[in-house]
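Contents: one structure, followed by commentary.
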Amino acid sequence: EKLGIEKPLLVMRILPCQMGKQWWKAHPFHVHRYPTRRLPERTYDDGMNSEQHMSLFVKEVLLPVAIETKALVLGTEGCDMTAAFIQAAKRIHGQFGGAKLPFRILVFLRATSFFSHLVDLEPDTKCENEFAQALRNTANFSKNKEYFRIATERWYGSDKAYWRRESLEPGPFAAIMFQGL
């Protein structure tokens with residue numbers, strides 16, 4: 001009720017993908033760790049072709065089903081299909097006159113994916129990433145900042161260049177951020 005989710009006729013779960021375009025945006029320095037996995041496709045043109053096909057699949061197949069069934073669409077950060085769905089939803093949002101869409105997108109986020117935006121930031125400086133800023137504004141962030149640093153360091157290593165730097169473009173979706181370590 002708090003998120004404004006009505007009873008959907010369908011729940012669509014977009015499964016997260018590994019090492020797609022969104023993953024590489026969040027891990028820019030990993031190209032040297034995984035040189036053979038730069039893209040799942042062989043060439044840049046193949047990658048652009050795959051992205052176009054994914055966008056068409058979302059626009060012509062998933063979006064009409066979501067509209068018709070008033071679906072609840074569940075996605076995660078760092079997933080190409082979730083990003084494509086949000087982009088498509090942004091495009092049709094104008095067709096609904098800026099009104100509420102007939103479906104709801106709910107994106108699940110991990111706090112450690114956004115923590116790296118805050119590590120070296122001065123206390124009074126505003127963070128450019130809105131989700132990292134929201135994490136920083138939580139009541140117990142300053143108390144738990146050291147735990148986040150330790151958890152992120154154990155997960156990604158001590159070199160901050162390899163820490164995940166997730167970002168999502170604004171769009172018509174709600175987000176739930178898990179702060180569990």
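Residues in the structure tokens are numbered from 1 in each chain, the chains being A, B, ... in the order shown, and ligands are numbered from 1 in the order shown.
Residues in contact with A:Arg164 at 10 Å, where only C-alpha atoms are counted and same-chain residues fewer than 6 positions away are skipped, are listed as Trp23, Trp24, Lys25, Ala26, His27, Pro28, Phe29, His30, Gly78, Thr112, Ser113, Phe114, Phe115, Ser116, His117, Thr152, Trp155 and Tyr156 of chain A.
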Show which residues sit within 9 Å of stretch 119-133 of chain A, as an MDAnalysis selection string. Count only C-alpha atoms, and ignore same-chain residues fewer than 5 positions away.
chainID A and resid 109 111 113:114 138 145 149 160 166:168 170 175 177
What does the file look like for those residues with N, CA and C atoms, as an mmCIF file, in the first residue's frame?
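Output file selection30.cif is given in full below:
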data_model
loop_
_atom_site.group_PDB
_atom_site.id
_atom_site.type_symbol
_atom_site.label_atom_id
_atom_site.label_comp_id
_atom_site.auth_asym_id
_atom_site.auth_seq_id
_atom_site.Cartn_x
_atom_site.Cartn_y
_atom_site.Cartn_z
ATOM 1 N N LEU A 109 17.643 -2.799 -4.847
ATOM 2 C CA LEU A 109 19.015 -2.293 -4.833
ATOM 3 C C LEU A 109 19.746 -2.818 -3.608
ATOM 4 N N ALA A 111 22.704 -1.798 -0.931
ATOM 5 C CA ALA A 111 23.398 -0.609 -0.449
ATOM 6 C C ALA A 111 24.880 -0.627 -0.810
ATOM 7 N N SER A 113 26.224 -1.589 -3.418
ATOM 8 C CA SER A 113 26.419 -1.210 -4.822
ATOM 9 C C SER A 113 26.507 0.302 -4.992
ATOM 10 N N PHE A 114 26.020 1.046 -4.016
ATOM 11 C CA PHE A 114 26.015 2.507 -4.099
ATOM 12 C C PHE A 114 26.960 3.148 -3.087
ATOM 13 N N THR A 138 19.785 8.087 5.317
ATOM 14 C CA THR A 138 19.092 7.214 6.254
ATOM 15 C C THR A 138 19.587 7.481 7.671
ATOM 16 N N LYS A 145 28.472 3.341 8.791
ATOM 17 C CA LYS A 145 29.354 3.590 7.645
ATOM 18 C C LYS A 145 30.578 2.668 7.645
ATOM 19 N N ARG A 149 31.832 -0.064 4.836
ATOM 20 C CA ARG A 149 33.173 -0.062 4.250
ATOM 21 C C ARG A 149 33.806 -1.447 4.357
ATOM 22 N N LYS A 160 39.672 0.490 -4.103
ATOM 23 C CA LYS A 160 38.372 1.131 -4.327
ATOM 24 C C LYS A 160 38.023 1.251 -5.807
ATOM 25 N N GLU A 166 27.321 1.569 -8.904
ATOM 26 C CA GLU A 166 26.053 1.415 -9.612
ATOM 27 C C GLU A 166 25.366 2.762 -9.804
ATOM 28 N N SER A 167 24.664 2.894 -10.903
ATOM 29 C CA SER A 167 23.848 4.090 -11.118
ATOM 30 C C SER A 167 22.630 3.692 -11.937
ATOM 31 N N LEU A 168 21.523 4.316 -11.632
ATOM 32 C CA LEU A 168 20.286 4.105 -12.372
ATOM 33 C C LEU A 168 19.790 5.449 -12.860
ATOM 34 N N PRO A 170 16.979 8.143 -13.678
ATOM 35 C CA PRO A 170 15.647 8.367 -13.113
ATOM 36 C C PRO A 170 14.567 7.858 -14.064
ATOM 37 N N ALA A 175 11.952 2.091 -5.772
ATOM 38 C CA ALA A 175 13.138 1.310 -5.439
ATOM 39 C C ALA A 175 13.125 0.936 -3.964
ATOM 40 N N MET A 177 15.938 -0.389 -1.236
ATOM 41 C CA MET A 177 17.367 -0.612 -1.025
ATOM 42 C C MET A 177 17.581 -1.443 0.227
#
As a count of residues only, list the residues of stretch 59-173 of chain A assigned to helix (DSSP H, G or I) by DSSP on the backbone atoms of this structure.
59
